[in-house]
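Chemist: my_file23.cif is the file, holding mmCIF, C-alpha atoms:
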```
data_coords
#
loop_
_atom_site.label_atom_id
_atom_site.label_comp_id
_atom_site.auth_asym_id
_atom_site.auth_seq_id
_atom_site.Cartn_x
_atom_site.Cartn_y
_atom_site.Cartn_z
CA MET A 1 -115.03 77.03 -14.38
CA LEU A 2 -113.69 80.07 -16.19
CA LEU A 3 -115.18 79.11 -19.54
CA LYS A 4 -118.73 79.19 -18.20
CA LYS A 5 -118.39 82.94 -17.74
CA ASN A 6 -118.10 83.44 -21.50
CA ASN A 7 -121.09 83.82 -23.78
CA SER A 8 -119.14 82.36 -26.67
CA LEU A 9 -116.90 79.32 -26.93
CA ASP A 10 -115.30 80.54 -30.16
CA CYS A 11 -111.53 80.65 -29.89
CA ILE A 12 -108.39 81.55 -31.80
CA LEU A 13 -105.34 79.30 -31.65
CA VAL A 14 -102.01 81.12 -31.60
CA GLY A 15 -98.67 79.48 -32.33
CA SER A 16 -95.22 80.84 -33.03
CA LYS A 17 -92.73 80.31 -35.79
CA LYS A 18 -89.21 81.14 -34.72
CA VAL A 19 -87.16 83.28 -37.06
CA ASN A 20 -83.39 83.28 -37.23
CA GLU A 21 -81.21 85.48 -39.37
CA LYS A 22 -81.64 83.38 -42.50
CA LYS A 23 -85.00 81.65 -42.48
CA PHE A 24 -88.27 80.82 -40.79
CA ILE A 25 -88.36 77.81 -38.50
CA ASN A 26 -91.93 76.53 -38.72
CA GLU A 27 -94.14 75.70 -35.78
CA ASP A 28 -94.25 71.97 -35.01
CA ASN A 29 -97.40 70.90 -36.90
CA GLU A 30 -98.06 67.94 -34.61
CA SER A 31 -97.97 70.17 -31.55
CA PHE A 32 -100.34 72.67 -33.16
CA GLU A 33 -102.74 69.91 -34.24
CA GLU A 34 -102.69 68.60 -30.67
CA LEU A 35 -103.65 72.08 -29.46
CA ALA A 36 -106.67 72.00 -31.80
CA SER A 37 -107.64 68.58 -30.37
CA LEU A 38 -107.30 69.94 -26.84
CA ALA A 39 -109.56 72.86 -27.74
CA TYR A 40 -112.13 70.47 -29.25
CA THR A 41 -112.01 68.27 -26.15
CA LEU A 42 -112.74 71.31 -24.01
CA GLY A 43 -115.75 72.13 -26.17
CA LEU A 44 -114.23 75.13 -27.93
CA LYS A 45 -114.89 76.04 -31.55
CA VAL A 46 -111.74 77.06 -33.39
CA VAL A 47 -112.62 79.97 -35.68
CA ASP A 48 -109.08 80.93 -36.67
CA THR A 49 -105.45 79.83 -36.30
CA ILE A 50 -102.57 82.27 -36.34
CA LEU A 51 -98.80 81.74 -36.52
CA LEU A 52 -96.79 84.70 -35.26
CA PRO A 53 -93.14 85.00 -36.35
CA ILE A 54 -90.75 85.99 -33.52
CA ARG A 55 -87.00 86.56 -33.54
CA ARG A 56 -86.70 86.66 -29.76
CA ILE A 57 -89.14 86.01 -26.94
CA SER A 58 -90.30 89.14 -25.13
CA SER A 59 -89.95 88.78 -21.35
CA SER A 60 -93.00 90.99 -20.86
CA ILE A 61 -95.58 89.64 -23.37
CA TYR A 62 -93.74 86.79 -25.19
CA TYR A 63 -94.62 88.26 -28.62
CA GLY A 64 -94.29 91.79 -30.01
CA LYS A 65 -96.71 94.45 -28.81
CA GLY A 66 -97.87 95.15 -32.35
CA GLN A 67 -98.56 91.46 -32.88
CA ILE A 68 -100.71 91.28 -29.73
CA GLU A 69 -102.64 94.43 -30.74
CA SER A 70 -103.24 92.85 -34.16
CA LEU A 71 -104.35 89.63 -32.45
CA LYS A 72 -106.77 91.61 -30.29
CA ASN A 73 -108.33 93.24 -33.36
CA LYS A 74 -108.55 89.88 -35.14
CA ALA A 75 -110.32 88.30 -32.17
CA SER A 76 -112.84 91.14 -32.07
CA LEU A 77 -113.40 90.83 -35.82
CA VAL A 78 -114.31 87.11 -35.61
CA ASN A 79 -116.05 87.58 -32.23
CA ALA A 80 -113.69 85.16 -30.43
CA LYS A 81 -113.56 85.76 -26.69
CA ILE A 82 -111.01 83.03 -25.99
CA ILE A 83 -107.38 83.01 -27.11
CA VAL A 84 -105.30 79.85 -26.70
CA PHE A 85 -101.51 80.10 -26.98
CA ASN A 86 -99.53 77.00 -27.87
CA ASP A 87 -96.53 78.34 -25.99
CA GLU A 88 -96.07 78.35 -22.22
CA ILE A 89 -96.79 81.84 -20.93
CA THR A 90 -95.01 82.95 -17.75
CA PRO A 91 -97.00 84.59 -14.92
CA ALA A 92 -95.60 88.05 -15.77
CA GLN A 93 -96.38 87.61 -19.47
CA TYR A 94 -99.86 86.36 -18.61
CA LYS A 95 -100.68 89.46 -16.55
CA ASN A 96 -99.35 91.85 -19.21
CA LEU A 97 -101.19 90.02 -22.01
CA GLN A 98 -104.40 90.16 -19.98
CA LYS A 99 -104.08 93.97 -19.75
CA ILE A 100 -103.67 94.35 -23.51
CA LEU A 101 -106.31 91.78 -24.50
CA GLU A 102 -108.69 93.13 -21.87
CA LYS A 103 -111.87 91.02 -21.75
CA LYS A 104 -110.48 88.08 -23.71
CA SER A 105 -109.95 84.85 -21.77
CA ILE A 106 -106.37 83.63 -22.13
CA PHE A 107 -105.10 80.08 -22.00
CA ASP A 108 -101.66 78.72 -22.70
CA ARG A 109 -101.05 75.03 -23.42
CA THR A 110 -100.72 74.23 -19.72
CA GLY A 111 -103.88 76.13 -18.82
CA ILE A 112 -106.08 74.38 -21.36
CA ILE A 113 -104.83 70.93 -20.29
CA LEU A 114 -105.65 71.79 -16.68
CA GLU A 115 -109.18 72.84 -17.72
CA ILE A 116 -109.70 69.47 -19.44
CA PHE A 117 -108.44 67.61 -16.39
CA LYS A 118 -110.83 69.58 -14.18
CA ASN A 119 -113.76 68.56 -16.39
CA ASN A 120 -112.81 64.88 -16.46
CA ALA A 121 -111.81 64.26 -12.83
CA LYS A 122 -114.35 61.91 -11.26
CA THR A 123 -112.89 60.39 -8.08
CA LYS A 124 -111.92 62.28 -4.95
CA GLU A 125 -108.24 61.58 -5.57
CA SER A 126 -108.19 62.82 -9.17
CA LYS A 127 -110.20 65.92 -8.21
CA TYR A 128 -107.69 66.71 -5.45
CA GLN A 129 -104.77 66.11 -7.82
CA VAL A 130 -106.15 68.41 -10.50
CA GLU A 131 -107.14 71.10 -8.01
CA LEU A 132 -103.66 71.05 -6.50
CA ALA A 133 -102.01 71.42 -9.91
CA THR A 134 -104.43 74.20 -10.89
CA LEU A 135 -103.82 76.20 -7.71
CA GLN A 136 -100.05 75.85 -8.09
CA TYR A 137 -100.41 77.07 -11.67
CA MET A 138 -102.66 80.02 -10.79
CA LEU A 139 -100.85 81.19 -7.63
CA PRO A 140 -98.27 83.33 -9.47
CA ARG A 141 -100.94 84.46 -11.97
CA LEU A 142 -103.35 85.95 -9.42
CA THR A 143 -105.70 88.62 -10.72
CA ARG A 144 -108.29 88.62 -7.91
CA PHE A 145 -110.09 85.52 -9.21
CA TRP A 146 -109.83 83.53 -6.00
CA THR A 147 -111.77 85.31 -3.22
CA HIS A 148 -114.32 82.46 -3.32
CA LEU A 149 -111.72 80.31 -1.55
CA GLU A 150 -112.42 82.22 1.67
CA ARG A 151 -115.84 80.56 1.81
CA GLN A 152 -114.27 77.13 1.26
CA MET A 153 -111.80 77.74 4.09
CA GLY A 154 -114.60 78.75 6.46
CA GLY A 155 -113.24 82.24 6.99
CA THR A 156 -111.30 81.28 10.13
CA GLY A 157 -108.00 83.09 10.28
CA THR A 158 -108.26 84.26 6.69
CA ARG A 159 -109.15 87.88 7.23
CA GLY A 160 -106.35 90.28 6.44
CA GLY A 161 -105.32 93.09 8.70
CA PRO A 162 -105.94 96.77 7.96
CA GLY A 163 -104.37 97.82 4.72
CA GLU A 164 -103.68 94.26 3.51
CA LYS A 165 -104.22 94.13 -0.24
CA GLN A 166 -106.83 91.74 -1.65
CA ILE A 167 -104.16 90.11 -3.84
CA GLU A 168 -102.17 89.22 -0.70
CA ILE A 169 -105.24 87.72 0.96
CA ASP A 170 -105.96 85.66 -2.16
CA ARG A 171 -102.37 84.42 -2.26
CA ARG A 172 -102.54 83.36 1.39
CA LEU A 173 -105.86 81.60 0.86
CA ILE A 174 -104.45 79.59 -2.06
CA SER A 175 -101.30 78.68 -0.14
CA SER A 176 -103.43 77.34 2.72
CA LYS A 177 -105.58 75.36 0.29
CA ILE A 178 -102.47 73.89 -1.37
CA SER A 179 -101.13 72.73 2.01
CA LYS A 180 -104.46 71.08 2.86
CA LEU A 181 -104.68 69.31 -0.51
CA LYS A 182 -101.14 67.96 -0.12
CA LYS A 183 -102.04 66.50 3.29
CA ASP A 184 -105.27 64.97 1.95
CA LEU A 185 -103.43 63.41 -1.00
CA GLU A 186 -100.77 62.00 1.31
CA LYS A 187 -103.50 60.22 3.29
CA ILE A 188 -104.92 58.78 0.07
CA ARG A 189 -101.41 57.73 -1.00
CA LYS A 190 -100.88 55.83 2.27
CA ASN A 191 -104.24 54.06 1.88
CA ARG A 192 -103.29 53.16 -1.69
CA HIS A 193 -100.00 51.72 -0.44
CA ILE A 194 -101.84 49.57 2.12
CA GLN A 195 -104.19 48.28 -0.59
CA ALA A 196 -101.26 47.57 -2.92
CA SER A 197 -99.44 45.57 -0.24
CA SER A 198 -102.42 43.21 -0.07
CA ARG A 199 -102.00 42.49 -3.79
CA LYS A 200 -98.35 41.48 -3.69
CA ASN A 201 -99.23 37.83 -4.18
CA ILE A 202 -100.51 38.40 -7.69
CA PHE A 203 -98.70 39.46 -10.87
CA ARG A 204 -99.37 43.12 -11.72
CA VAL A 205 -99.51 44.65 -15.21
CA SER A 206 -99.95 48.37 -15.98
CA LEU A 207 -101.07 50.10 -19.16
CA VAL A 208 -99.34 53.37 -19.99
CA GLY A 209 -99.58 55.41 -23.15
CA TYR A 210 -100.31 58.62 -24.95
CA THR A 211 -103.77 60.03 -24.41
CA ASN A 212 -106.43 58.51 -26.70
CA ALA A 213 -104.25 55.51 -27.60
CA GLY A 214 -107.03 53.13 -26.51
CA LYS A 215 -105.83 51.98 -23.08
CA SER A 216 -109.31 51.93 -21.53
CA SER A 217 -110.68 50.07 -24.55
CA LEU A 218 -107.92 47.50 -24.18
CA LEU A 219 -108.69 47.09 -20.46
CA ASN A 220 -112.36 46.58 -21.28
CA SER A 221 -111.70 44.05 -24.04
CA LEU A 222 -109.30 41.99 -21.94
CA SER A 223 -111.54 41.99 -18.87
CA LYS A 224 -114.86 41.60 -20.76
CA PRO A 225 -117.20 43.98 -18.80
CA ASN A 226 -117.34 47.41 -20.45
CA THR A 227 -117.40 49.54 -17.32
CA SER A 228 -114.44 51.83 -17.96
CA TYR A 229 -115.32 55.16 -19.54
CA VAL A 230 -114.25 55.21 -23.18
CA GLN A 231 -114.55 58.18 -25.54
CA ASP A 232 -112.65 59.36 -28.58
CA LYS A 233 -111.31 62.49 -26.89
CA LEU A 234 -108.09 63.45 -25.16
CA PHE A 235 -107.88 62.58 -21.45
CA ALA A 236 -111.32 60.92 -21.47
CA THR A 237 -110.44 59.14 -18.23
CA LEU A 238 -108.13 60.25 -15.43
CA ASP A 239 -108.83 57.64 -12.79
CA THR A 240 -106.75 54.56 -12.20
CA THR A 241 -108.76 51.37 -12.78
CA THR A 242 -107.57 47.88 -11.81
CA ARG A 243 -109.16 44.58 -12.85
CA LYS A 244 -108.28 40.93 -12.32
CA ILE A 245 -107.70 39.10 -15.61
CA GLU A 246 -108.14 35.35 -15.54
CA ASN A 247 -107.17 32.73 -18.11
CA SER A 248 -108.86 29.45 -17.25
CA ARG A 249 -106.93 27.63 -19.98
CA LYS A 250 -103.60 28.42 -18.33
CA ASN A 251 -104.66 28.73 -14.69
CA LYS A 252 -102.87 32.04 -14.44
CA GLU A 253 -104.26 35.37 -13.31
CA PHE A 254 -102.92 38.89 -13.10
CA LEU A 255 -104.06 42.40 -12.21
CA LEU A 256 -104.34 44.88 -15.08
CA THR A 257 -104.27 48.63 -14.29
CA ASP A 258 -105.21 51.49 -16.62
CA THR A 259 -103.55 54.86 -15.93
CA VAL A 260 -104.01 58.48 -17.00
CA GLY A 261 -102.97 59.24 -20.57
CA LEU A 262 -99.83 61.23 -21.30
CA ILE A 263 -99.17 64.07 -23.72
CA ARG A 264 -96.19 66.09 -24.81
CA ASP A 265 -95.42 69.07 -22.54
CA LEU A 266 -97.71 67.76 -19.81
CA PRO A 267 -97.67 70.44 -17.09
CA HIS A 268 -95.01 69.81 -14.44
CA ASN A 269 -97.45 70.53 -11.61
CA LEU A 270 -99.88 68.01 -13.06
CA VAL A 271 -97.19 65.33 -13.36
CA ALA A 272 -96.17 65.98 -9.76
CA SER A 273 -99.77 65.84 -8.53
CA PHE A 274 -100.40 62.51 -10.27
CA ARG A 275 -97.11 61.00 -9.07
CA SER A 276 -98.87 58.95 -6.39
CA THR A 277 -101.19 57.47 -9.03
CA PHE A 278 -98.18 56.28 -11.01
CA GLU A 279 -96.80 54.45 -7.97
CA GLU A 280 -99.02 51.60 -9.15
CA VAL A 281 -96.99 51.57 -12.39
CA LYS A 282 -93.73 51.69 -10.46
CA GLU A 283 -94.71 48.59 -8.48
CA SER A 284 -95.84 46.66 -11.57
CA ASP A 285 -94.17 43.46 -12.75
CA LEU A 286 -94.88 44.34 -16.39
CA ILE A 287 -95.63 47.59 -18.23
CA LEU A 288 -97.49 47.62 -21.54
CA THR A 289 -96.90 50.81 -23.53
CA VAL A 290 -100.01 51.29 -25.68
CA VAL A 291 -99.50 53.24 -28.92
CA ASP A 292 -102.01 54.39 -31.54
CA SER A 293 -100.75 52.62 -34.66
CA SER A 294 -102.99 54.65 -37.00
CA ASN A 295 -100.69 57.68 -36.63
CA ASP A 296 -97.80 58.49 -38.94
CA ILE A 297 -94.50 56.82 -38.10
CA LYS A 298 -92.94 60.12 -36.98
CA ILE A 299 -95.84 60.78 -34.60
CA ILE A 300 -95.62 57.22 -33.26
CA SER A 301 -91.94 57.74 -32.54
CA ASN A 302 -92.63 61.08 -30.82
CA HIS A 303 -95.36 59.53 -28.66
CA ILE A 304 -93.10 56.69 -27.55
CA GLN A 305 -90.36 59.20 -26.70
CA THR A 306 -92.82 61.30 -24.66
CA ILE A 307 -93.99 58.24 -22.70
CA GLU A 308 -90.45 57.14 -21.96
CA SER A 309 -89.30 60.60 -20.86
CA THR A 310 -92.37 61.08 -18.63
CA LEU A 311 -91.86 57.72 -16.91
CA ASP A 312 -88.17 58.50 -16.55
CA SER A 313 -89.00 61.82 -14.86
CA MET A 314 -90.95 59.83 -12.26
CA SER A 315 -88.07 57.35 -11.79
CA ILE A 316 -90.10 54.50 -13.28
CA ASN A 317 -87.71 52.03 -14.83
CA ALA A 318 -89.61 49.08 -16.25
CA LYS A 319 -87.84 45.75 -15.83
CA ASN A 320 -90.33 44.16 -18.20
CA ASN A 321 -91.88 46.32 -20.88
CA PHE A 322 -93.16 45.85 -24.40
CA LEU A 323 -95.06 47.92 -26.91
CA VAL A 324 -98.66 47.26 -27.88
CA PHE A 325 -99.64 48.90 -31.17
CA ASN A 326 -103.41 49.36 -30.92
CA LYS A 327 -106.07 50.37 -33.49
CA VAL A 328 -104.88 48.17 -36.37
CA ASP A 329 -108.57 48.11 -37.36
CA LYS A 330 -108.12 51.65 -38.72
CA GLY A 331 -105.98 50.39 -41.58
CA PHE A 332 -102.39 49.31 -41.67
CA GLU A 333 -100.01 49.44 -44.62
CA ASN A 334 -97.61 46.53 -45.15
CA GLU A 335 -94.63 48.89 -45.29
CA LYS A 336 -95.56 50.39 -41.94
CA ILE A 337 -95.92 46.91 -40.39
CA LYS A 338 -92.48 45.89 -41.66
CA TYR A 339 -90.91 49.11 -40.40
CA LEU A 340 -92.45 48.92 -36.91
CA ASN A 341 -91.65 45.21 -36.54
CA LYS A 342 -88.05 45.89 -37.46
CA LYS A 343 -87.64 48.96 -35.24
CA TYR A 344 -89.65 47.55 -32.31
CA PRO A 345 -89.11 43.77 -32.42
CA ASN A 346 -90.52 43.21 -28.92
CA SER A 347 -93.97 44.53 -29.83
CA ILE A 348 -97.40 43.23 -30.72
CA MET A 349 -100.16 44.67 -32.94
CA VAL A 350 -103.77 44.42 -31.79
CA SER A 351 -107.21 45.95 -32.09
CA ALA A 352 -108.97 46.35 -28.76
CA LYS A 353 -112.13 47.42 -30.59
CA ASP A 354 -112.36 44.34 -32.82
CA TYR A 355 -110.62 41.87 -30.43
CA VAL A 356 -107.88 41.26 -32.99
CA ARG A 357 -104.88 39.27 -31.63
CA LEU A 358 -105.85 39.82 -28.00
CA ASP A 359 -105.29 36.10 -27.41
CA VAL A 360 -101.72 36.55 -28.66
CA LEU A 361 -101.27 39.49 -26.28
CA LEU A 362 -102.57 37.43 -23.36
CA ASP A 363 -100.21 34.57 -24.23
CA LYS A 364 -97.30 37.01 -24.32
CA ILE A 365 -98.26 38.40 -20.91
CA HIS A 366 -98.54 34.89 -19.52
CA ASP A 367 -95.09 34.04 -20.86
CA VAL A 368 -93.70 36.89 -18.74
CA VAL A 369 -95.80 35.77 -15.78
CA LYS A 370 -94.40 32.25 -16.18
CA GLU A 371 -90.83 33.55 -16.02
CA LYS A 372 -91.57 34.75 -12.51
CA PHE A 373 -92.94 31.36 -11.47
CA ILE A 374 -91.21 28.61 -9.52
CA ILE A 375 -91.84 24.87 -9.60
CA GLU A 376 -92.42 23.03 -6.35
CA GLU A 377 -93.95 19.79 -5.10
CA LEU A 378 -96.69 20.00 -2.48
CA THR A 379 -97.64 17.09 -0.25
CA LEU A 380 -101.04 16.95 1.41
CA SER A 381 -103.52 14.45 2.80
CA TYR A 382 -106.85 13.47 1.27
CA ASP A 383 -108.86 15.54 3.74
CA LYS A 384 -107.43 18.80 2.34
CA PHE A 385 -109.95 19.08 -0.47
CA SER A 386 -110.42 22.84 0.02
CA ILE A 387 -106.69 23.36 -0.51
CA ILE A 388 -106.67 21.00 -3.50
CA ASN A 389 -109.37 23.15 -5.11
CA GLN A 390 -107.22 26.25 -4.53
CA ILE A 391 -104.22 24.56 -6.13
CA TYR A 392 -106.12 23.65 -9.29
CA SER A 393 -107.82 27.05 -9.58
CA ARG A 394 -104.83 29.28 -8.83
CA LEU A 395 -101.71 27.31 -9.84
CA GLU A 396 -100.59 25.39 -12.88
CA VAL A 397 -100.55 21.66 -12.05
CA ILE A 398 -97.64 19.91 -13.78
CA SER A 399 -98.12 16.42 -12.35
CA ARG A 400 -99.95 14.55 -9.60
CA LYS A 401 -99.24 11.29 -7.77
CA ASP A 402 -101.83 9.69 -5.49
CA SER A 403 -100.73 7.13 -2.91
CA PHE A 404 -102.46 5.46 0.03
CA LYS A 405 -101.04 8.06 2.44
CA ASN A 406 -101.14 11.35 0.57
CA ILE A 407 -101.23 13.29 -2.65
CA LYS A 408 -98.12 14.80 -4.22
CA ILE A 409 -98.77 17.62 -6.66
CA LYS A 410 -96.04 19.35 -8.65
CA VAL A 411 -97.11 22.92 -9.38
CA SER A 412 -95.90 26.07 -11.07
CA GLY A 413 -96.82 29.50 -9.73
CA SER A 414 -95.66 32.68 -8.07
CA PRO A 415 -93.38 32.19 -5.05
CA GLN A 416 -95.73 34.26 -2.88
CA LEU A 417 -98.82 32.20 -3.73
CA ILE A 418 -97.05 28.84 -3.38
CA ASN A 419 -95.65 29.88 0.01
CA LYS A 420 -99.11 31.01 1.09
CA ILE A 421 -100.62 27.62 0.20
CA LYS A 422 -97.75 25.81 1.92
CA LEU A 423 -98.50 27.75 5.12
CA GLU A 424 -102.17 26.71 4.87
CA ILE A 425 -101.12 23.07 4.49
CA GLU A 426 -98.88 23.33 7.58
CA GLU A 427 -101.65 24.97 9.60
CA LYS A 428 -104.07 22.19 8.62
CA ASN A 429 -101.52 19.57 9.57
CA GLY A 430 -100.87 21.34 12.86
#
```
Using structure tokens, write down the structure that the file contains.
Modeler:
Amino acid sequence: MLLKKNNSLDCILVGSKKVNEKKFINEDNESFEELASLAYTLGLKVVDTILLPIRRISSSIYYGKGQIESLKNKASLVNAKIIVFNDEITPAQYKNLQKILEKKSIFDRTGIILEIFKNNAKTKESKYQVELATLQYMLPRLTRFWTHLERQMGGTGTRGGPGEKQIEIDRRLISSKISKLKKDLEKIRKNRHIQASSRKNIFRVSLVGYTNAGKSSLLNSLSKPNTSYVQDKLFATLDTTTRKIENSRKNKEFLLTDTVGLIRDLPHNLVASFRSTFEEVKESDLILTVVDSSNDIKIISNHIQTIESTLDSMSINAKNNFLVFNKVDKGFENEKIKYLNKKYPNSIMVSAKDYVRLDVLLDKIHDVVKEKFIIEELTLSYDKFSIINQIYSRLEVISRKDSFKNIKIKVSGSPQLINKIKLEIEEKNG
């Protein structure tokens, strides 16, 4: 990783404040605070923050040359070897900035998010997804960093002809690696689709939300065993986790899936790479949008908007969806409760950490599950005890009538599961 090459993890955060003819337009404070959180998550120490006023964006270096020279001197003064820009720097701007800033490591918002994802990827799929997004990001920013890929590719067919520039060889190596990663991810996607098809008989619920909203904590609390990785940092977990949630009181079960957290201005390449992961969300019967209720109302609104726009960009249109305001244990003002209840009437407030109102959340989920259910009467003989046990454990029994010939049980459940049990009864009778 690039950061390991630096002796110091001290960094300077750089934002911009746009200037029109009449006044300054301030940098979005929430966005800048998020950048500081991203830096902290990556293990960087922020030693200074700078806002640079700009009237127009320079196509060559984004800011003014004098501003960048001043930034270079400031970084040397505080001994910061890493500079993180809150704006998205184009490949051409990146190369020109690198020349001026010389030995300083440069990250824009996209670059630092990719570094965090690289650190947190655990499964083969998430590692492939992050590597693909990183290579697509770095391809137009090549500065001879990527010759190590030749060893990964085995060297076969990678040698350039006489006179071929190293930069051209690097570009070809990355393009080959991108093609291979896309093929590998397609294989994983097909396997995921096969696995998902085997779960069509059970109601599926997905958790989506802004990073660090507490989705993994909620999954843990609802499913009891604390095996999902939980940490109070951005993008603490990238891997999709699915658990079966059972409610013995209601004889209903469903699958609950936790997904990667979202953030404003999430890199396009990263969204595209994780698209296959979000297919699980697309196939869900219910989506729970988890929101950190401890934030200010404006931030809550911005987070919800980011989630909705990201899902929309992936053509995910939830038929059933409601908001879950998490972290009420961190303090909740009455005025905020009234406002959120009025603005988001189809929502529920919980604390995954302290198990507050999780029973209410489960009941609300089961109400949606029940809407998908059908009622049917099953007839079976007394020797079908194994099937009777299935009926009582997996369906809701409404009534039962025992006669000398058979047993008639009226049940409520998913059409797929009832049809499956009916087929088993017919096979037994056959």
Chemist: If you count all atoms listed in the file, which residues fall within 8 Å of stretch 263-274 of chain A, apart from same-chain ones fewer than 3 positions away, as a PyMOL selection string?
Modeler: chain A and resi 110+113-114+126+129-130+132-134+136-137+210-211+277-278+303+306-307
Chemist: Taking (-105.5, 54.1, -36.6) in the file's own coordinates, collect the residues within 9 Å, counting all atoms listed in the file, and hand them back as a PyMOL selection string.
Modeler: chain A and resi 292-295+326-332
Chemist: Find the residue from A:Lys410, A:Arg109, A:Ile174, A:Glu246 that sits nearest to A:Asp363; use all atoms listed in the file when measuring.
Modeler: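 Between A:Lys410, A:Arg109, A:Ile174, A:Glu246, the residue approaching A:Asp363 most closely is A:Glu246.
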Chemist: So which residues touch A:Asp10 within 7 Å, counting all atoms listed in the file, skipping near sequence neighbours fewer than 6 positions away, as an NGL selection string?
Modeler: :A and (44-47 or 80-82)
Chemist: Calculated over only C-alpha atoms, which of the candidates A:Phe32, A:Ile304, A:Lys224, A:Arg204 has the smallest distance to A:Asp258?
Modeler: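 Of the candidates, the smallest distance to A:Asp258 is held by A:Arg204.
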Chemist: Atom CA of A:Val324 and atom CA of A:Met349 are how many Å apart?
Modeler: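 Computed distance, atom CA of A:Val324 to atom CA of A:Met349, equals 5.9 Å.
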Chemist: Using Å and a single decimal, report how far atom CA of A:Gln416 sits from atom CA of A:Leu286.
Modeler: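 If I compute the distance from atom CA of A:Leu286 to atom CA of A:Gln416, I get 16.9 Å.
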Chemist: Would you pick out the contacts of A:Val78 at 12 Å or less, using only C-alpha atoms, so that residues sharing its chain but fewer than 5 positions from it are not included, and give the list as a list in words?
Modeler: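 In the requested form, the answer reads Ser8, Leu9, Asp10, Cys11, Ile12, Lys45, Val46, Val47, Asp48, Thr49, Leu71, Lys72, Asn73 and Ile83 of chain A.
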Chemist: For C-alpha atoms, I'd like the residues from the last selection saved as an mmCIF file, keeping the file's coordinate frame.
Modeler:
```
data_model
loop_
_atom_site.group_PDB
_atom_site.id
_atom_site.type_symbol
_atom_site.label_atom_id
_atom_site.label_comp_id
_atom_site.auth_asym_id
_atom_site.auth_seq_id
_atom_site.Cartn_x
_atom_site.Cartn_y
_atom_site.Cartn_z
ATOM 1 C CA SER A 8 -119.140 82.360 -26.670
ATOM 2 C CA LEU A 9 -116.900 79.320 -26.930
ATOM 3 C CA ASP A 10 -115.300 80.540 -30.160
ATOM 4 C CA CYS A 11 -111.530 80.650 -29.890
ATOM 5 C CA ILE A 12 -108.390 81.550 -31.800
ATOM 6 C CA LYS A 45 -114.890 76.040 -31.550
ATOM 7 C CA VAL A 46 -111.740 77.060 -33.390
ATOM 8 C CA VAL A 47 -112.620 79.970 -35.680
ATOM 9 C CA ASP A 48 -109.080 80.930 -36.670
ATOM 10 C CA THR A 49 -105.450 79.830 -36.300
ATOM 11 C CA LEU A 71 -104.350 89.630 -32.450
ATOM 12 C CA LYS A 72 -106.770 91.610 -30.290
ATOM 13 C CA ASN A 73 -108.330 93.240 -33.360
ATOM 14 C CA ILE A 83 -107.380 83.010 -27.110
#
```
Chemist: Let me know the centre plus edge lengths, in Å and rounded to one decimal, of a box with edges along x, y and z that contains all listed atoms of stretch 403-416 of chain A and is padded by 3 Å on every side, as AutoDock Vina command-line options.
Modeler:
```
--center_x -97.9 --center_y 19.9 --center_z -4.3 --size_x 15.1 --size_y 34.8 --size_z 19.5
```
Chemist: Please write the residues picked by the PyMOL selection byres ((chain A and resi 208) around 12) on this file as a PyMOL selection string.
Modeler: chain A and resi 205-207+209-216+218-219+240+256-263+277-278+280-282+284+286-292+303-304+306-308+310-311+316+318+321-324
Chemist: Please provide as a ChimeraX atom specification all residues within 10 Å of A:Arg141, with the sequence filter that same-chain residues fewer than 6 positions apart are discarded (counting only C-alpha atoms).
Modeler: /A:90-95,135,171
Chemist: Since the input has fewer atoms than a full residue there, write stretch 52-60 of chain A out with N, CA and C atoms, as an mmCIF file, in the frame of the given file.
Modeler:
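Wrote result-v6.cif, looks like this:
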```
data_model
loop_
_atom_site.group_PDB
_atom_site.id
_atom_site.type_symbol
_atom_site.label_atom_id
_atom_site.label_comp_id
_atom_site.auth_asym_id
_atom_site.auth_seq_id
_atom_site.Cartn_x
_atom_site.Cartn_y
_atom_site.Cartn_z
ATOM 1 N N LEU A 52 -97.481 83.420 -35.394
ATOM 2 C CA LEU A 52 -96.790 84.700 -35.260
ATOM 3 C C LEU A 52 -95.277 84.483 -35.328
ATOM 4 N N PRO A 53 -94.609 85.128 -36.276
ATOM 5 C CA PRO A 53 -93.140 85.000 -36.350
ATOM 6 C C PRO A 53 -92.470 85.827 -35.248
ATOM 7 N N ILE A 54 -91.488 85.249 -34.551
ATOM 8 C CA ILE A 54 -90.750 85.990 -33.520
ATOM 9 C C ILE A 54 -89.260 85.686 -33.643
ATOM 10 N N ARG A 55 -88.464 86.737 -33.525
ATOM 11 C CA ARG A 55 -87.000 86.560 -33.540
ATOM 12 C C ARG A 55 -86.488 86.256 -32.139
ATOM 13 N N ARG A 56 -87.080 86.915 -31.153
ATOM 14 C CA ARG A 56 -86.700 86.660 -29.760
ATOM 15 C C ARG A 56 -87.944 86.782 -28.893
ATOM 16 N N ILE A 57 -87.986 86.014 -27.837
ATOM 17 C CA ILE A 57 -89.140 86.010 -26.940
ATOM 18 C C ILE A 57 -89.093 87.242 -26.037
ATOM 19 N N SER A 58 -90.197 87.975 -25.999
ATOM 20 C CA SER A 58 -90.300 89.140 -25.130
ATOM 21 C C SER A 58 -90.568 88.688 -23.699
ATOM 22 N N SER A 59 -89.768 89.171 -22.760
ATOM 23 C CA SER A 59 -89.950 88.780 -21.350
ATOM 24 C C SER A 59 -91.244 89.333 -20.778
ATOM 25 N N SER A 60 -91.790 90.367 -21.415
ATOM 26 C CA SER A 60 -93.000 90.990 -20.860
ATOM 27 C C SER A 60 -94.286 90.411 -21.433
#
```
